[in-house]
file final.cif (mmCIF, C-alpha atoms and all ligand atoms)
data_input
loop_
_atom_site.label_atom_id
_atom_site.label_comp_id
_atom_site.auth_asym_id
_atom_site.auth_seq_id
_atom_site.Cartn_x
_atom_site.Cartn_y
_atom_site.Cartn_z
CA MET A 1 100.97 141.16 127.71
CA LEU A 2 101.37 138.38 125.10
CA THR A 3 99.55 138.89 121.82
CA VAL A 4 99.38 136.29 119.06
CA LYS A 5 97.84 137.46 115.80
CA TYR A 6 96.93 135.43 112.70
CA LEU A 7 99.50 132.72 113.39
CA THR A 8 99.78 130.04 110.71
CA LYS A 9 102.14 127.09 110.86
CA SER A 10 101.96 123.94 108.75
CA TYR A 11 103.36 120.45 109.11
CA ASP A 12 102.64 117.70 106.54
CA ASN A 13 99.48 116.55 108.32
CA PHE A 14 98.64 119.47 110.56
CA LYS A 15 98.01 123.20 110.37
CA LEU A 16 97.60 126.01 112.89
CA ASN A 17 94.80 128.03 111.28
CA ASP A 18 95.16 131.78 111.76
CA ILE A 19 95.55 131.53 115.53
CA SER A 20 94.83 134.75 117.45
CA PHE A 21 94.59 135.25 121.20
CA SER A 22 96.00 137.46 123.91
CA LEU A 23 96.88 137.05 127.58
CA LYS A 24 95.71 139.33 130.33
CA GLU A 25 98.45 140.55 132.64
CA GLY A 26 98.69 138.94 136.08
CA ARG A 27 96.38 136.03 135.20
CA ILE A 28 96.80 132.32 134.56
CA THR A 29 95.62 131.20 131.13
CA GLY A 30 95.17 127.56 130.22
CA LEU A 31 95.79 126.67 126.58
CA ILE A 32 93.62 123.58 126.55
CA GLY A 33 92.94 120.95 123.91
CA MET A 34 93.03 117.26 123.08
CA ASN A 35 96.22 115.40 122.19
CA GLY A 36 97.57 116.66 118.88
CA SER A 37 95.38 119.80 118.82
CA GLY A 38 98.42 122.07 118.44
CA LYS A 39 99.16 123.32 121.97
CA THR A 40 102.90 122.57 121.97
CA THR A 41 103.24 123.94 118.45
CA VAL A 42 101.68 127.25 119.53
CA LEU A 43 104.05 127.44 122.52
CA LYS A 44 107.06 126.64 120.32
CA CYS A 45 106.08 129.42 117.91
CA ILE A 46 105.85 131.89 120.83
CA LEU A 47 109.30 130.80 122.02
CA GLY A 48 110.75 131.11 118.53
CA ALA A 49 111.72 127.43 118.65
CA VAL A 50 110.05 126.67 115.31
CA PRO A 51 109.54 128.92 112.27
CA TYR A 52 106.00 129.86 111.24
CA GLU A 53 104.54 131.05 107.97
CA THR A 54 102.43 134.06 108.93
CA GLY A 55 101.48 135.95 112.06
CA LYS A 56 102.78 138.36 114.64
CA ILE A 57 103.72 137.43 118.20
CA SER A 58 104.62 140.13 120.69
CA ILE A 59 105.20 140.49 124.43
CA GLY A 60 104.53 143.96 125.80
CA GLY A 61 105.03 145.28 122.27
CA LEU A 62 108.36 143.43 121.76
CA THR A 63 108.78 140.84 119.04
CA GLY A 64 111.37 138.08 119.14
CA LEU A 65 112.48 138.96 115.63
CA ARG A 66 113.49 142.53 116.47
CA ASN A 67 114.50 142.31 120.15
CA GLU A 68 115.65 138.72 120.60
CA GLN A 69 117.52 139.02 123.93
CA GLU A 70 114.98 141.30 125.59
CA TYR A 71 112.12 139.11 124.34
CA LYS A 72 113.83 135.94 125.64
CA ASP A 73 114.53 137.50 129.05
CA LYS A 74 110.83 138.24 129.47
CA ILE A 75 109.85 134.55 129.26
CA GLY A 76 110.42 131.78 131.81
CA VAL A 77 109.96 128.37 130.21
CA VAL A 78 109.08 124.98 131.67
CA PHE A 79 108.88 122.38 128.94
CA ASP A 80 107.74 118.83 129.48
CA SER A 81 110.78 117.31 127.81
CA GLY A 82 113.25 119.64 129.64
CA CYS A 83 116.06 120.36 127.20
CA PHE A 84 119.01 119.38 129.42
CA TYR A 85 122.32 117.56 128.96
CA GLU A 86 121.55 114.50 131.03
CA GLU A 87 125.11 113.73 132.10
CA LEU A 88 125.72 117.18 133.62
CA THR A 89 125.19 118.19 137.24
CA LEU A 90 122.58 120.84 138.00
CA GLU A 91 125.41 123.27 138.69
CA ALA A 92 127.06 122.72 135.29
CA MET A 93 123.76 122.79 133.39
CA THR A 94 122.67 125.94 135.17
CA GLY A 95 125.96 127.59 134.20
CA ILE A 96 125.11 127.06 130.54
CA ILE A 97 121.49 128.17 130.83
CA ALA A 98 122.24 131.23 132.98
CA GLY A 99 124.53 132.58 130.25
CA ALA A 100 121.60 132.77 127.84
CA TYR A 101 119.77 135.33 129.97
CA GLY A 102 120.79 138.95 130.36
CA SER A 103 118.73 139.22 133.56
CA TRP A 104 119.90 136.01 135.33
CA ASP A 105 119.75 136.32 139.14
CA GLU A 106 121.96 133.84 141.00
CA ARG A 107 120.56 134.79 144.41
CA ILE A 108 116.98 133.99 143.38
CA TYR A 109 118.13 130.74 141.73
CA PHE A 110 119.92 129.46 144.86
CA GLY A 111 116.85 130.36 146.91
CA TYR A 112 114.61 128.18 144.74
CA ILE A 113 117.09 125.30 144.61
CA GLU A 114 117.13 125.22 148.39
CA ARG A 115 113.38 125.69 148.77
CA PHE A 116 112.63 122.94 146.20
CA GLY A 117 115.00 120.54 148.01
CA LEU A 118 117.37 120.09 145.05
CA SER A 119 121.10 119.42 145.22
CA ARG A 120 123.41 121.43 142.97
CA THR A 121 125.86 118.55 142.65
CA GLN A 122 123.30 115.96 141.54
CA GLN A 123 123.46 114.71 137.96
CA ILE A 124 120.44 115.54 135.76
CA ASN A 125 119.88 111.91 134.73
CA THR A 126 119.41 110.91 138.38
CA LEU A 127 116.52 113.34 138.94
CA SER A 128 113.00 111.95 139.22
CA ARG A 129 110.37 113.46 136.92
CA GLY A 130 109.03 115.66 139.71
CA MET A 131 112.53 116.87 140.62
CA LYS A 132 113.28 117.66 136.98
CA MET A 133 110.12 119.72 136.74
CA LYS A 134 111.07 121.56 139.93
CA TYR A 135 114.54 122.23 138.51
CA SER A 136 112.95 123.57 135.29
CA LEU A 137 110.68 125.80 137.34
CA ALA A 138 113.61 127.09 139.43
CA LEU A 139 115.42 128.03 136.19
CA ALA A 140 112.30 129.67 134.75
CA LEU A 141 111.86 131.81 137.87
CA SER A 142 115.47 132.98 138.12
CA HIS A 143 115.74 135.67 135.45
CA HIS A 144 112.93 138.08 136.33
CA ALA A 145 110.63 136.82 133.59
CA GLU A 146 107.28 138.58 133.33
CA LEU A 147 105.64 135.72 131.47
CA LEU A 148 105.85 132.03 132.44
CA ILE A 149 105.14 129.44 129.77
CA LEU A 150 104.66 125.85 130.87
CA ASP A 151 103.99 122.89 128.60
CA GLU A 152 101.77 120.34 130.36
CA PRO A 153 103.35 120.97 133.77
CA SER A 154 101.25 118.30 135.48
CA GLY A 155 102.06 115.46 133.05
CA GLY A 156 103.29 112.38 134.90
CA LEU A 157 103.35 114.10 138.30
CA ASP A 158 101.79 112.61 141.43
CA PRO A 159 98.97 114.53 143.21
CA LYS A 160 101.31 115.96 145.87
CA THR A 161 103.79 117.32 143.29
CA ARG A 162 100.89 118.64 141.17
CA GLN A 163 99.61 120.44 144.25
CA PHE A 164 103.10 121.85 144.85
CA PHE A 165 103.19 123.15 141.27
CA CYS A 166 99.74 124.70 141.50
CA GLY A 167 100.75 126.43 144.75
CA GLU A 168 103.94 127.80 143.20
CA LEU A 169 102.10 129.09 140.13
CA LEU A 170 99.44 130.78 142.25
CA ALA A 171 102.22 132.41 144.31
CA GLN A 172 103.83 133.68 141.08
CA LYS A 173 100.49 135.08 139.98
CA GLU A 174 100.21 136.91 143.31
CA GLU A 175 103.56 138.52 142.48
CA GLY A 176 102.06 139.83 139.25
CA LYS A 177 103.43 137.29 136.78
CA THR A 178 101.39 136.34 133.73
CA ILE A 179 101.21 132.59 133.16
CA LEU A 180 100.36 130.50 130.10
CA LEU A 181 100.18 126.75 130.53
CA SER A 182 99.12 124.03 128.16
CA VAL A 183 96.67 121.57 129.64
CA ASN A 184 95.32 118.40 128.10
CA ALA A 185 91.85 117.00 128.58
CA ILE A 186 92.54 114.79 131.56
CA SER A 187 94.62 117.20 133.62
CA ASP A 188 93.24 118.69 136.83
CA ILE A 189 95.55 121.70 136.71
CA ASP A 190 92.84 123.69 134.90
CA ARG A 191 91.48 124.53 138.38
CA ILE A 192 94.05 127.29 138.80
CA CYS A 193 93.34 128.90 135.41
CA ASP A 194 91.52 132.24 135.31
CA ASP A 195 91.14 132.18 131.54
CA ILE A 196 90.88 129.51 128.88
CA VAL A 197 92.03 129.41 125.27
CA PHE A 198 90.54 126.27 123.71
CA ILE A 199 92.29 124.91 120.63
CA HIS A 200 90.95 122.07 118.51
CA ASN A 201 92.51 120.71 115.31
CA GLY A 202 94.71 123.79 115.03
CA THR A 203 91.79 126.24 115.40
CA ILE A 204 90.89 128.38 118.42
CA LEU A 205 87.29 127.58 119.35
CA ARG A 206 86.99 129.64 122.53
CA GLU A 207 88.85 132.41 124.35
CA CYS A 208 87.13 133.38 127.58
CA SER A 209 87.26 133.23 131.37
CA ARG A 210 87.20 129.74 132.94
CA GLU A 211 83.89 130.66 134.53
CA VAL A 212 82.27 131.37 131.14
CA PHE A 213 83.89 128.27 129.62
CA LEU A 214 82.35 126.08 132.31
CA MET A 215 78.88 127.23 131.24
CA GLU A 216 79.30 124.98 128.18
CA SER A 217 79.42 121.91 130.42
CA VAL A 218 76.24 119.88 130.91
CA LYS A 219 77.61 118.09 133.99
CA ASN A 220 76.82 119.02 137.56
CA PRO A 221 79.20 120.20 138.88
CA PRO A 222 80.52 121.44 135.53
CA THR A 223 84.03 120.47 134.41
CA VAL A 224 86.40 121.95 131.85
CA GLU A 225 86.82 118.50 130.33
CA ASP A 226 83.07 118.12 129.80
CA ALA A 227 82.79 121.66 128.40
CA MET A 228 85.47 120.76 125.82
CA MET A 229 83.62 117.60 124.84
CA GLU A 230 80.30 119.48 124.54
CA ILE A 231 81.78 122.18 122.29
CA ILE A 232 83.31 119.51 120.05
CA ARG A 233 80.07 117.46 120.04
CA ARG A 234 78.00 120.49 119.01
CA ARG A 235 80.41 121.24 116.16
CA GLY A 236 79.94 117.69 114.96
CA LYS A 237 83.66 116.79 115.07
N1 LIG A 301 108.13 118.42 113.90
C1 LIG A 301 106.94 117.98 113.47
N2 LIG A 301 106.82 117.46 112.23
C2 LIG A 301 105.62 117.05 111.76
N3 LIG A 301 104.47 117.10 112.47
C3 LIG A 301 104.54 117.60 113.71
C4 LIG A 301 105.77 118.07 114.27
N4 LIG A 301 105.52 118.52 115.53
C5 LIG A 301 104.19 118.35 115.73
N5 LIG A 301 103.61 117.80 114.65
C6 LIG A 301 102.18 117.46 114.50
O1 LIG A 301 101.41 118.61 114.82
C7 LIG A 301 100.22 118.22 115.48
C8 LIG A 301 100.09 119.01 116.76
O2 LIG A 301 101.11 118.59 117.68
P1 LIG A 301 101.32 119.29 119.07
O3 LIG A 301 102.47 118.62 119.72
O4 LIG A 301 101.37 120.76 118.89
O5 LIG A 301 99.95 118.91 119.82
P2 LIG A 301 99.58 119.01 121.36
O6 LIG A 301 98.23 119.64 121.42
O7 LIG A 301 100.66 119.66 122.12
O8 LIG A 301 99.47 117.46 121.72
P3 LIG A 301 99.70 116.67 123.11
O9 LIG A 301 98.60 117.07 124.04
O10 LIG A 301 99.57 115.24 122.70
O11 LIG A 301 101.07 117.02 123.60
C9 LIG A 301 100.29 116.72 115.68
O12 LIG A 301 99.51 116.11 114.67
C10 LIG A 301 101.75 116.40 115.49
O13 LIG A 301 101.93 115.13 114.93
#

call {"tool": "encode", "arguments": {"input": "final.cif", "output": "structure tokens", "more": "lines below"}}
Ligand SMILES: Nc1ncnc2c1ncn2[C@@H]1O[C@H](COP(=O)(O)OP(=O)(O)OP(=O)(O)O)[C@@H](O)[C@H]1O
result
Amino acid sequence: MLTVKYLTKSYDNFKLNDISFSLKEGRITGLIGMNGSGKTTVLKCILGAVPYETGKISIGGLTGLRNEQEYKDKIGVVFDSGCFYEELTLEAMTGIIAGAYGSWDERIYFGYIERFGLSRTQQINTLSRGMKMKYSLALALSHHAELLILDEPSGGLDPKTRQFFCGELLAQKEEGKTILLSVNAISDIDRICDDIVFIHNGTILRECSREVFLMESVKNPPTVEDAMMEIIRRRGK
């Protein structure tokens, strides 16, 4: 599905070091790591939102450089910051976003808006954090994307809304979607991940199933958070 090969991206004080990993179709993969480990940077490179120095990123053989529209249509994005014009209504904002996708499906969009309890005439800046995340998810699910990319979807959400999100993502997986979500150390959303890609200081330390990753934990019952800490402790940094 998604393949990232030898990706390198540098900022003044940070570098993604030759990142390579791939996603298995129809599974949920957690890109996990501490604050500042490079998760958002990796996602931005995949989305073509920032330039990178070296590497090849492809989805089902398509690269964003050669097939920009087709590549973009394949991805549904939910970003923590939600890139919206705050003073617009959902209806007006959606009109702008829908135009960016060749495969936009109004019928599916209205279905989600209703199911998520959102109002099309409400202004973006009056949405609570949970509502904004639901709106982002509705947009991401409305253009027949094969791959969903979510940046810290549980950040700042209460347990009930987190549960709602987990349920929605599991339902999407059932429909055959491939999902990549970034998860930080203290999130509990890792429970729904089938696979883990563990990034630390811009380097991938593990790429395996969640089950195998948990074997690194010394706690009983094992936790993803403890497994991360153990791997880092054994490396000595
Ligand atoms: N535009 C930028 N200019 C300079 N440095 C940046 C820029 N964006 C990110 N960085 C740096 O790159 C590093 C990785 O940041 P990134 O946001 O990818 O981490 P993250 O794993 O998503 O962190 P968090 O869990 O806190 O969101 C950080 O040290 C950050 O300061």

call {"tool": "residues_near_ligand", "arguments": {"input": "final.cif", "ligand": "ligand LIG 301 (chain A)", "cutoff": "10 Å", "atoms": "all atoms listed in the file", "output": "CSV table (one decimal) with C-alpha atoms, in the frame of the given file"}}
result
chain,number,residue,atom,x,y,z
A,9,LYS,CA,102.1,127.1,110.9
A,10,SER,CA,102.0,123.9,108.8
A,11,TYR,CA,103.4,120.4,109.1
A,12,ASP,CA,102.6,117.7,106.5
A,13,ASN,CA,99.5,116.6,108.3
A,14,PHE,CA,98.6,119.5,110.6
A,15,LYS,CA,98.0,123.2,110.4
A,16,LEU,CA,97.6,126.0,112.9
A,31,LEU,CA,95.8,126.7,126.6
A,32,ILE,CA,93.6,123.6,126.6
A,33,GLY,CA,92.9,121.0,123.9
A,34,MET,CA,93.0,117.3,123.1
A,35,ASN,CA,96.2,115.4,122.2
A,36,GLY,CA,97.6,116.7,118.9
A,37,SER,CA,95.4,119.8,118.8
A,38,GLY,CA,98.4,122.1,118.4
A,39,LYS,CA,99.2,123.3,122.0
A,40,THR,CA,102.9,122.6,122.0
A,41,THR,CA,103.2,123.9,118.4
A,42,VAL,CA,101.7,127.2,119.5
A,43,LEU,CA,104.0,127.4,122.5
A,44,LYS,CA,107.1,126.6,120.3
A,45,CYS,CA,106.1,129.4,117.9
A,50,VAL,CA,110.0,126.7,115.3
A,80,ASP,CA,107.7,118.8,129.5
A,151,ASP,CA,104.0,122.9,128.6
A,152,GLU,CA,101.8,120.3,130.4
A,155,GLY,CA,102.1,115.5,133.0
A,182,SER,CA,99.1,124.0,128.2
A,183,VAL,CA,96.7,121.6,129.6
A,184,ASN,CA,95.3,118.4,128.1
A,185,ALA,CA,91.8,117.0,128.6
A,186,ILE,CA,92.5,114.8,131.6
A,199,ILE,CA,92.3,124.9,120.6
A,200,HIS,CA,91.0,122.1,118.5
A,201,ASN,CA,92.5,120.7,115.3
A,202,GLY,CA,94.7,123.8,115.0

call {"tool": "atom_distance", "arguments": {"input": "final.cif", "atom1": "atom CA of Arg210 of chain A", "atom2": "atom CA of Ser136 of chain A"}}
result
26.6 Å

call {"tool": "atom_distance", "arguments": {"input": "final.cif", "atom1": "atom CA of Lys56 of chain A", "atom2": "atom CA of Cys83 of chain A"}}
result
25.7 Å

call {"tool": "closest_residue", "arguments": {"input": "final.cif", "among": "A:Leu157, A:Val224, A:Leu137, A:Ile46", "to": "Tyr71 of chain A", "atoms": "only C-alpha atoms"}}
result
A:Ile46

call {"tool": "axis_aligned_box", "arguments": {"input": "final.cif", "around": "segment 50-67 of chain A", "padding_each_side": "6 Å", "output": "lines of an AutoDock Vina configuration file"}}
result
center_x = 108.0
center_y = 136.0
center_z = 116.9
size_x = 25.0
size_y = 30.6
size_z = 29.8

call {"tool": "closest_residue", "arguments": {"input": "final.cif", "among": "A:Ile113, A:Ile97, A:Leu2, A:Leu23", "to": "Cys208 of chain A", "atoms": "all atoms listed in the file"}}
result
A:Leu23

call {"tool": "residues_near_point", "arguments": {"input": "final.cif", "point": "(105.4, 138.8, 137.2)", "cutoff": "12 Å", "atoms": "only C-alpha atoms", "output": "PyMOL selection string"}}
result
chain A and resi 1+24-28+74-76+140-149+169-179

call {"tool": "closest_residue", "arguments": {"input": "final.cif", "among": "A:Val4, A:Leu139, A:Leu118, A:Leu88", "to": "Tyr101 of chain A", "atoms": "all atoms listed in the file"}}
result
A:Leu139

call {"tool": "closest_residue", "arguments": {"input": "final.cif", "among": "A:Asn67, A:Thr89, A:Gln122, A:Thr8", "to": "Tyr52 of chain A", "atoms": "all atoms listed in the file"}}
result
A:Thr8

call {"tool": "closest_residue", "arguments": {"input": "final.cif", "among": "A:Gly30, A:Ser20, A:Glu91, A:Arg234", "to": "Asp190 of chain A", "atoms": "all atoms listed in the file"}}
result
A:Gly30
